[in-house]
>>> print(open('start_2.txt').read())   # compact mmCIF, C-alpha atoms
# COMPACT_ATOMS: atom_id res chain seq x y z
CA MET A 1449 -6.52 -2.90 11.22
CA ALA A 1450 -5.20 -3.73 7.79
CA TRP A 1451 -7.78 -5.29 5.48
CA GLU A 1452 -7.68 -9.07 5.13
CA LEU A 1453 -6.80 -9.79 1.52
CA ASP A 1454 -6.29 -13.07 -0.33
CA ALA A 1455 -2.72 -13.66 -1.42
CA ASP A 1456 -3.51 -15.18 -4.79
CA ARG A 1457 -5.88 -12.64 -6.36
CA PRO A 1458 -5.16 -9.14 -7.68
CA ILE A 1459 -5.19 -6.66 -4.81
CA TYR A 1460 -7.08 -3.93 -6.64
CA ALA A 1461 -9.97 -6.30 -7.46
CA GLN A 1462 -10.29 -7.17 -3.79
CA LEU A 1463 -10.31 -3.50 -2.84
CA VAL A 1464 -13.10 -2.90 -5.37
CA GLU A 1465 -15.15 -5.76 -3.89
CA ARG A 1466 -14.65 -4.54 -0.36
CA ILE A 1467 -15.67 -0.95 -1.09
CA GLN A 1468 -18.63 -2.17 -3.18
CA ARG A 1469 -19.74 -4.22 -0.19
CA GLU A 1470 -19.48 -1.26 2.12
CA ILE A 1471 -21.58 0.84 -0.24
CA VAL A 1472 -24.35 -1.68 -0.94
CA SER A 1473 -24.58 -2.63 2.72
CA GLY A 1474 -25.10 1.03 3.62
CA LYS A 1475 -21.92 1.51 5.63
CA TYR A 1476 -21.32 4.34 3.18
CA GLN A 1477 -24.65 6.01 2.45
CA PRO A 1478 -25.71 7.36 -0.98
CA GLY A 1479 -24.10 10.77 -1.47
CA GLU A 1480 -21.73 10.29 1.47
CA LYS A 1481 -18.20 11.58 1.15
CA LEU A 1482 -15.55 8.87 0.94
CA PRO A 1483 -12.14 8.99 2.62
CA SER A 1484 -9.30 10.09 0.34
CA VAL A 1485 -7.25 7.52 -1.57
CA ARG A 1486 -4.34 8.16 0.75
CA GLU A 1487 -6.38 7.76 3.94
CA LEU A 1488 -8.03 4.58 2.79
CA ALA A 1489 -4.73 3.15 1.53
CA ALA A 1490 -3.22 3.75 4.96
CA VAL A 1491 -6.17 2.07 6.71
CA ALA A 1492 -6.10 -0.92 4.37
CA ALA A 1493 -2.27 -1.01 4.46
CA VAL A 1494 -2.04 -1.14 0.68
CA ASN A 1495 -0.21 0.86 -1.94
CA PRO A 1496 -1.94 4.21 -2.69
CA ASN A 1497 -1.62 3.59 -6.44
CA THR A 1498 -3.53 0.32 -6.06
CA MET A 1499 -6.26 2.08 -4.08
CA GLN A 1500 -6.36 4.73 -6.80
CA LYS A 1501 -6.88 2.00 -9.39
CA ALA A 1502 -9.74 0.53 -7.34
CA PHE A 1503 -11.38 3.96 -7.09
CA ALA A 1504 -11.04 4.43 -10.85
CA GLU A 1505 -12.77 1.10 -11.40
CA LEU A 1506 -15.60 2.06 -9.03
CA GLU A 1507 -15.97 5.36 -10.84
CA ARG A 1508 -16.26 3.57 -14.14
CA SER A 1509 -19.11 1.48 -12.75
CA GLY A 1510 -20.78 4.69 -11.54
CA LEU A 1511 -20.85 3.62 -7.89
CA ILE A 1512 -18.67 6.51 -6.82
CA VAL A 1513 -18.56 10.00 -8.25
CA THR A 1514 -15.79 12.58 -8.26
CA GLN A 1515 -17.00 16.01 -7.17
CA ARG A 1516 -15.07 18.88 -8.59
CA THR A 1517 -14.50 20.52 -5.23
CA SER A 1518 -15.05 17.99 -2.50
CA GLY A 1519 -13.34 14.73 -3.40
CA ARG A 1520 -15.28 11.57 -3.99
CA THR A 1521 -18.75 10.61 -2.86
CA VAL A 1522 -20.98 7.56 -3.16
CA THR A 1523 -23.46 7.96 -6.02
CA GLU A 1524 -26.93 9.22 -5.14
CA ASN A 1525 -28.35 6.84 -7.71
CA THR A 1526 -29.96 4.36 -5.32
CA GLU A 1527 -31.30 2.36 -8.26
CA LEU A 1528 -27.74 1.65 -9.41
CA ILE A 1529 -26.70 0.72 -5.88
CA GLY A 1530 -29.69 -1.63 -5.72
CA THR A 1531 -28.77 -3.24 -9.05
CA ILE A 1532 -25.19 -3.87 -7.97
CA ARG A 1533 -26.38 -5.13 -4.59
CA GLU A 1534 -28.59 -7.65 -6.32
CA GLN A 1535 -25.79 -8.68 -8.71
CA LEU A 1536 -23.50 -9.39 -5.76
CA ALA A 1537 -26.22 -11.26 -3.88
CA THR A 1538 -27.08 -13.32 -6.97
CA GLY A 1539 -23.45 -14.33 -7.28
CA HIS A 1540 -23.42 -15.55 -3.68
CA VAL A 1541 -26.65 -17.47 -4.12
CA LYS A 1542 -25.34 -19.13 -7.29
CA ASN A 1543 -22.19 -20.20 -5.46
CA PHE A 1544 -24.25 -21.48 -2.59
CA LEU A 1545 -26.57 -23.48 -4.86
CA ASN A 1546 -23.59 -24.96 -6.71
CA ASN A 1547 -22.02 -26.04 -3.45
CA MET A 1548 -25.29 -27.57 -2.28
CA GLN A 1549 -25.72 -29.41 -5.57
CA GLU A 1550 -22.27 -30.89 -5.10
CA LEU A 1551 -23.51 -32.20 -1.77
CA GLY A 1552 -26.43 -33.77 -3.60
CA TYR A 1553 -29.12 -31.46 -2.26
CA HIS A 1554 -32.31 -30.64 -4.16
CA LYS A 1555 -34.17 -27.34 -3.99
CA GLU A 1556 -36.83 -28.70 -1.60
CA GLU A 1557 -34.24 -30.03 0.82
CA ILE A 1558 -32.37 -26.74 0.69
CA ARG A 1559 -35.57 -24.86 1.54
CA ASP A 1560 -36.20 -27.12 4.52
CA LEU A 1561 -32.64 -26.58 5.71
CA PHE A 1562 -33.07 -22.83 5.31
CA ASP A 1563 -35.91 -22.85 7.80
CA LYS A 1564 -33.95 -24.98 10.26
CA VAL A 1565 -30.59 -23.22 10.30
CA GLN A 1566 -30.16 -20.08 12.37
CA VAL A 1567 -27.26 -17.68 11.92
CA MET P 1435 10.85 12.86 -18.50
CA ASN P 1436 8.88 10.07 -16.94
CA ASN P 1437 11.69 7.82 -15.81
CA LEU P 1438 13.25 8.61 -12.49
CA VAL P 1439 16.03 6.05 -12.84
CA GLU P 1440 17.64 4.98 -16.10
CA ILE P 1441 20.09 2.11 -15.91
CA ILE P 1442 21.88 1.20 -19.13
CA ASN P 1443 24.10 -1.84 -19.69
CA LEU P 1444 25.23 -1.78 -16.10
CA THR P 1445 27.94 -4.25 -15.07
CA LYS P 1446 29.90 -4.61 -11.85
CA LYS P 1447 32.74 -7.09 -11.54
CA TYR P 1448 34.68 -7.97 -8.42
CA GLY P 1449 37.73 -9.52 -10.05
CA ALA P 1450 36.42 -12.48 -12.01
CA ASN P 1451 33.12 -12.45 -10.17
CA VAL P 1452 30.30 -10.65 -12.00
CA ALA P 1453 27.86 -9.24 -9.44
CA VAL P 1454 25.71 -7.23 -11.84
CA ASN P 1455 25.68 -8.37 -15.44
CA ASN P 1456 24.67 -6.00 -18.24
CA LEU P 1457 21.53 -4.73 -16.54
CA THR P 1458 19.23 -2.32 -18.37
CA LEU P 1459 16.23 -1.03 -16.46
CA ASN P 1460 14.08 2.11 -16.19
CA LEU P 1461 12.13 2.97 -13.07
CA PRO P 1462 9.24 5.47 -13.16
CA LYS P 1463 8.29 8.12 -10.63
CA GLY P 1464 5.65 7.61 -7.99
CA LYS P 1465 6.00 3.86 -7.49
CA ILE P 1466 6.84 1.58 -4.60
CA ILE P 1467 9.01 -1.13 -6.10
CA GLY P 1468 10.30 -4.36 -4.57
CA LEU P 1469 13.82 -5.46 -5.45
CA LEU P 1470 13.71 -9.20 -4.98
CA GLY P 1471 16.17 -12.00 -5.57
CA PRO P 1472 18.00 -14.79 -3.79
CA ASN P 1473 21.16 -14.13 -1.79
CA GLY P 1474 24.03 -13.10 -4.03
CA SER P 1475 21.77 -12.02 -6.91
CA GLY P 1476 23.33 -8.54 -7.03
CA LYS P 1477 20.68 -6.51 -5.20
CA THR P 1478 22.97 -4.79 -2.73
CA THR P 1479 25.64 -4.20 -5.38
CA LEU P 1480 23.00 -2.52 -7.56
CA ILE P 1481 21.81 -0.44 -4.61
CA LYS P 1482 25.34 0.68 -3.80
CA MET P 1483 25.87 1.78 -7.39
CA LEU P 1484 22.59 3.73 -7.29
CA ASN P 1485 23.98 5.49 -4.22
CA GLY P 1486 27.37 6.15 -5.71
CA LEU P 1487 29.06 3.96 -3.10
CA LEU P 1488 30.41 1.67 -5.81
CA THR P 1489 31.58 2.62 -9.28
CA PRO P 1490 30.19 0.57 -12.17
CA THR P 1491 32.67 -1.48 -14.18
CA GLU P 1492 30.64 -0.65 -17.26
CA GLY P 1493 27.39 1.13 -18.08
CA THR P 1494 25.61 4.16 -16.69
CA ILE P 1495 22.98 5.15 -14.16
CA MET P 1496 21.01 8.38 -14.35
CA ILE P 1497 18.72 9.54 -11.56
CA ASP P 1498 16.31 12.38 -12.28
CA GLY P 1499 18.40 13.43 -15.27
CA ASN P 1500 21.82 13.36 -13.59
CA TYR P 1501 24.56 10.79 -13.61
CA VAL P 1502 25.20 9.35 -10.15
CA GLY P 1503 27.36 11.82 -8.24
CA PRO P 1504 26.99 14.76 -5.85
CA ALA P 1505 23.86 15.99 -7.66
CA THR P 1506 22.05 12.67 -7.21
CA LYS P 1507 23.18 12.12 -3.62
CA SER P 1508 21.03 15.02 -2.53
CA LYS P 1509 18.03 13.33 -4.14
CA VAL P 1510 18.53 9.79 -2.91
CA ALA P 1511 17.66 8.77 0.64
CA TYR P 1512 19.31 5.49 1.52
CA LEU P 1513 18.66 3.04 4.33
CA PRO P 1514 21.61 0.63 4.36
CA ASP P 1515 21.28 -2.93 5.59
CA ARG P 1516 23.71 -2.13 8.37
CA THR P 1517 23.72 0.77 10.77
CA TYR P 1518 26.03 3.71 10.21
CA LEU P 1519 24.94 5.85 13.14
CA THR P 1520 27.21 6.57 16.09
CA MET P 1521 25.97 4.58 19.03
CA ASN P 1522 27.05 7.02 21.75
CA GLN P 1523 25.12 9.93 20.22
CA THR P 1524 21.63 10.78 21.36
CA ILE P 1525 18.80 10.74 18.84
CA ARG P 1526 18.60 14.53 19.17
CA GLU P 1527 22.28 14.87 18.21
CA ILE P 1528 21.66 12.67 15.20
CA LEU P 1529 18.70 14.84 14.21
CA ASP P 1530 21.00 17.89 14.42
CA PHE P 1531 23.48 16.10 12.20
CA PHE P 1532 20.87 15.16 9.60
CA GLN P 1533 19.44 18.67 9.60
CA ASP P 1534 22.90 20.05 9.02
CA PHE P 1535 23.80 17.50 6.38
CA TYR P 1536 20.65 17.21 4.25
CA ALA P 1537 18.90 20.33 2.97
CA ASP P 1538 15.75 18.26 2.36
CA PHE P 1539 15.54 16.87 5.91
CA SER P 1540 12.28 17.70 7.72
CA ARG P 1541 13.08 17.72 11.41
CA GLU P 1542 9.44 18.32 12.20
CA ARG P 1543 8.39 15.14 10.40
CA ALA P 1544 11.09 13.13 12.17
CA GLU P 1545 10.15 14.44 15.60
CA GLU P 1546 6.49 13.74 14.94
CA MET P 1547 7.18 10.13 13.99
CA LEU P 1548 9.46 9.61 16.99
CA LYS P 1549 6.74 10.98 19.22
CA SER P 1550 4.07 8.74 17.71
CA LEU P 1551 6.28 5.75 18.54
CA GLY P 1552 7.04 7.00 22.03
CA ILE P 1553 10.79 7.21 21.38
CA ASP P 1554 12.56 9.76 23.57
CA PRO P 1555 15.02 11.86 21.51
CA ALA P 1556 17.17 12.45 24.58
CA VAL P 1557 18.37 8.84 24.80
CA LYS P 1558 21.55 7.47 23.28
CA MET P 1559 21.32 5.12 20.33
CA ARG P 1560 23.14 2.33 22.18
CA THR P 1561 20.37 2.07 24.77
CA LEU P 1562 17.76 1.20 22.14
CA SER P 1563 16.67 -2.30 21.19
CA LYS P 1564 17.59 -3.60 17.75
CA GLY P 1565 14.06 -3.03 16.45
CA THR P 1566 13.89 0.51 17.81
CA LYS P 1567 17.27 1.33 16.25
CA GLU P 1568 15.87 0.19 12.90
CA LYS P 1569 12.79 2.33 13.37
CA VAL P 1570 14.91 5.40 14.18
CA GLN P 1571 16.99 4.87 11.05
CA LEU P 1572 13.93 4.46 8.88
CA ILE P 1573 12.42 7.63 10.38
CA LEU P 1574 15.60 9.54 9.53
CA VAL P 1575 15.54 8.31 5.94
CA MET P 1576 11.82 8.84 5.39
CA SER P 1577 12.01 12.37 6.85
CA ARG P 1578 13.96 13.53 3.84
CA ASN P 1579 12.13 14.95 0.83
CA ALA P 1580 14.02 12.79 -1.63
CA SER P 1581 13.16 11.71 -5.18
CA LEU P 1582 14.34 8.17 -4.61
CA TYR P 1583 14.21 6.24 -1.35
CA ILE P 1584 16.30 3.09 -1.31
CA LEU P 1585 15.59 0.78 1.59
CA ASP P 1586 17.86 -2.25 1.93
CA GLU P 1587 16.12 -4.86 4.10
CA PRO P 1588 14.10 -2.34 6.13
CA ILE P 1589 12.01 -4.93 7.98
CA ALA P 1590 14.47 -7.73 8.64
CA GLY P 1591 14.92 -8.26 12.35
CA VAL P 1592 11.90 -6.39 13.66
CA ASP P 1593 8.73 -7.89 15.11
CA PRO P 1594 5.52 -8.11 13.02
CA ALA P 1595 3.92 -5.11 14.74
CA ALA P 1596 6.99 -2.97 14.02
CA ARG P 1597 6.92 -4.26 10.44
CA ASP P 1598 3.38 -2.98 10.09
CA TYR P 1599 4.47 0.38 11.46
CA ILE P 1600 7.38 0.58 9.04
CA LEU P 1601 5.22 -0.33 6.05
CA ARG P 1602 2.59 2.17 7.14
CA THR P 1603 5.29 4.83 7.42
CA ILE P 1604 6.29 4.08 3.84
CA ILE P 1605 2.66 4.37 2.66
CA ASN P 1606 1.99 7.53 4.65
CA ASN P 1607 5.05 9.24 3.24
CA TYR P 1608 4.10 8.24 -0.27
CA ASN P 1609 4.72 11.07 -2.68
CA PRO P 1610 3.60 10.78 -6.33
CA GLU P 1611 6.84 12.42 -7.45
CA ALA P 1612 9.10 10.01 -5.58
CA THR P 1613 9.86 6.33 -5.92
CA VAL P 1614 10.64 3.89 -3.13
CA LEU P 1615 12.85 0.91 -3.90
CA ILE P 1616 12.69 -1.81 -1.22
CA SER P 1617 15.05 -4.76 -1.18
CA THR P 1618 13.81 -7.63 0.95
CA HIS P 1619 13.44 -11.36 1.40
CA LEU P 1620 10.20 -10.95 3.35
CA ILE P 1621 8.05 -10.73 0.26
CA GLU P 1622 4.83 -11.84 1.88
CA ASP P 1623 5.01 -8.95 4.33
CA VAL P 1624 5.58 -6.24 1.76
CA GLU P 1625 3.72 -7.28 -1.35
CA GLN P 1626 0.53 -5.44 -0.42
CA VAL P 1627 2.36 -2.12 -0.43
CA LEU P 1628 4.30 -2.71 -3.66
CA ASP P 1629 3.26 -1.52 -7.11
CA GLU P 1630 5.90 -3.40 -8.99
CA VAL P 1631 8.55 -6.01 -8.44
CA ILE P 1632 11.99 -6.60 -9.90
CA PHE P 1633 13.29 -10.18 -9.82
CA MET P 1634 17.08 -10.51 -10.09
CA ARG P 1635 19.28 -13.59 -10.43
CA TYR P 1636 23.01 -13.89 -11.14
CA GLY P 1637 23.17 -10.10 -11.53
CA GLN P 1638 20.60 -10.12 -14.29
CA LEU P 1639 17.02 -9.00 -14.62
CA VAL P 1640 14.62 -11.95 -14.57
CA LEU P 1641 11.36 -10.04 -14.45
CA TYR P 1642 10.00 -6.54 -13.96
CA THR P 1643 6.23 -6.33 -13.66
CA SER P 1644 3.39 -5.24 -11.39
CA VAL P 1645 2.21 -7.20 -8.36
CA ASP P 1646 -1.33 -7.44 -9.70
CA ASN P 1647 -0.03 -8.69 -13.06
CA ILE P 1648 1.63 -11.62 -11.36
CA ARG P 1649 -1.50 -12.35 -9.35
CA GLU P 1650 -3.71 -12.05 -12.41
CA GLU P 1651 -1.57 -14.09 -14.79
CA LYS P 1652 -0.21 -16.69 -12.40
CA GLY P 1653 -3.09 -16.84 -9.94
CA LYS P 1654 -0.66 -16.74 -7.06
CA SER P 1655 1.00 -14.28 -4.76
CA VAL P 1656 4.36 -12.72 -5.57
CA ASP P 1657 5.77 -14.68 -2.64
CA ALA P 1658 4.50 -17.99 -4.06
CA TYR P 1659 5.69 -17.08 -7.56
CA PHE P 1660 9.12 -16.12 -6.26
CA ARG P 1661 9.41 -19.53 -4.58
CA GLU P 1662 8.54 -21.16 -7.90
CA VAL P 1663 10.95 -19.13 -10.04
CA PHE P 1664 13.85 -19.44 -7.61
CA ALA P 1665 13.16 -22.99 -6.40
CA CYS P 1666 16.41 -24.63 -5.32
>>> encode(input="start_2.txt", output="structure tokens")
Amino acid sequence: MAWELDADRPIYAQLVERIQREIVSGKYQPGEKLPSVRELAAVAAVNPNTMQKAFAELERSGLIVTQRTSGRTVTENTELIGTIREQLATGHVKNFLNNMQELGYHKEEIRDLFDKVQV
Amino acid sequence: MNNLVEIINLTKKYGANVAVNNLTLNLPKGKIIGLLGPNGSGKTTLIKMLNGLLTPTEGTIMIDGNYVGPATKSKVAYLPDRTYLTMNQTIREILDFFQDFYADFSRERAEEMLKSLGIDPAVKMRTLSKGTKEKVQLILVMSRNASLYILDEPIAGVDPAARDYILRTIINNYNPEATVLISTHLIEDVEQVLDEVIFMRYGQLVLYTSVDNIREEKGKSVDAYFREVFAC
């Protein structure tokens, strides 16, 4: 299945987000070998150069590491993974709180709702 | 040399009608590039000049350091917008022909792709559906080890699942030394596999930039931006 991507945002940024998500959620474990650019581009149905750009960005952030002999792996730095995980989660919570504020909710009401709603 | 294709002051006139008007453009290696423009914008005329099927009125085209001619024909794999295969030949006979004709043709690759699509090489072309004919032609073109692949409307007239297969074939055959030029109106379907896009109008270059640049700067897809630029 090709990855679902938004039509109005840069593709490489969406690839970065998706791979980040798969790393912080543990789908790819710390130290685990990642598929090659070409393999992942074929799965996602995107241009290999764009996937390459996404990998370069993830390398810059330290989340993935190029091994001299064995391609790319997820970093073993679990602290870094944790930090990025929290950054992503904080972003979601901020969005959520903004949306709730627009609906006129206060923190107390939101807490009550939290206990009520099941996913 | 980093440019695979160098087009300088290229003009093609059909009598008083100017199909390509003083076009200058360089295309790098290792990219998948969309050639986009409304009907009559000069795309197919440009493609035919890249293939040496039409002679420019003025200007020059160099591909991989050679002017268009016998030397470049062996490096350019072309999928025309209309079929040129003989309908009463079997696929196997066509494979023989391609193997004989093109030194860079990989029969193994072609047979593998046919097999993965469940197409029997023993059948005659005329017995195939329109979509399957298009797939066979694309397989033939993509089985060459060319420097430049030129695909004129490769996905028009096939169903969405076959489109996905065709686009995946293009990605899977991606070679960092080669460039793929795709002319199409179905921008939405191809933009995820493109690096860069060329917009043409009235035989002239309107824009040459990357897909992610358009998305970043305009906040919209190439398809949406095309509709805006070429709004009627």
>>> axis_aligned_box(input="start_2.txt", around="segment 1518-1528 of chain P", padding_each_side="5 Å", output="AutoDock Vina command-line options")
--center_x 22.9 --center_y 9.3 --center_z 16.0 --size_x 18.6 --size_y 21.2 --size_z 21.5
>>> interface_residues(input="start_2.txt", of="chain P", to="chain A", cutoff="12 Å", atoms="all atoms listed in the file", output="ChimeraX atom specification")
/P:1463-1467,1595,1597-1610,1613-1614,1621-1630,1644-1659
>>> residues_around(input="start_2.txt", residues="Glu1440 of chain P", least_positions_apart="2", cutoff="12 Å", atoms="all atoms listed in the file", output="PyMOL selection string")
chain P and resi 1435-1438+1442-1444+1457-1463+1484+1493-1502
>>> closest_residue(input="start_2.txt", among="P:Arg1543, P:Thr1491, P:Tyr1636, P:Asn1522", to="Phe1664 of chain P", atoms="all atoms listed in the file")
P:Tyr1636
>>> atom_distance(input="start_2.txt", atom1="atom CA of Thr1517 of chain A", atom2="atom CA of Glu1611 of chain P")
22.9 Å
>>> residues_near_point(input="start_2.txt", point="(17.1, -13.3, -17.7)", cutoff="12 Å", atoms="only C-alpha atoms", output="ChimeraX atom specification")
/P:1455-1458,1475,1632-1642,1663
>>> residues_around(input="start_2.txt", residues="Leu1551 of chain P", least_positions_apart="4", cutoff="10 Å", atoms="all atoms listed in the file", output="PDB file with C-alpha atoms, in the frame of the given file")
ATOM      1  CA  GLU P1545      10.150  14.440  15.600  1.00  0.00           C
ATOM      2  CA  GLU P1546       6.490  13.740  14.940  1.00  0.00           C
ATOM      3  CA  MET P1547       7.180  10.130  13.990  1.00  0.00           C
ATOM      4  CA  THR P1566      13.890   0.510  17.810  1.00  0.00           C
ATOM      5  CA  LYS P1569      12.790   2.330  13.370  1.00  0.00           C
ATOM      6  CA  VAL P1570      14.910   5.400  14.180  1.00  0.00           C
ATOM      7  CA  ALA P1596       6.990  -2.970  14.020  1.00  0.00           C
ATOM      8  CA  TYR P1599       4.470   0.380  11.460  1.00  0.00           C
TER       9      TYR P1599
END
>>> atom_distance(input="start_2.txt", atom1="atom CA of Asn1473 of chain P", atom2="atom CA of Leu1519 of chain P")
25.2 Å
>>> residues_around(input="start_2.txt", residues="Pro1514 of chain P", least_positions_apart="5", cutoff="10 Å", atoms="all atoms listed in the file", output="ChimeraX atom specification")
/P:1478,1481-1482,1571-1572,1575,1584-1588
>>> atom_distance(input="start_2.txt", atom1="atom CA of Ala1612 of chain P", atom2="atom CA of Ile1512 of chain A")
28.0 Å
>>> residues_around(input="start_2.txt", residues="Val1522 of chain A", least_positions_apart="4", cutoff="8 Å", atoms="all atoms listed in the file", output="list in words")
Ile1471, Tyr1476, Gln1477, Pro1478, Gly1479, Glu1480, Lys1481, Leu1482, Leu1511, Ile1512 and Val1513 of chain A
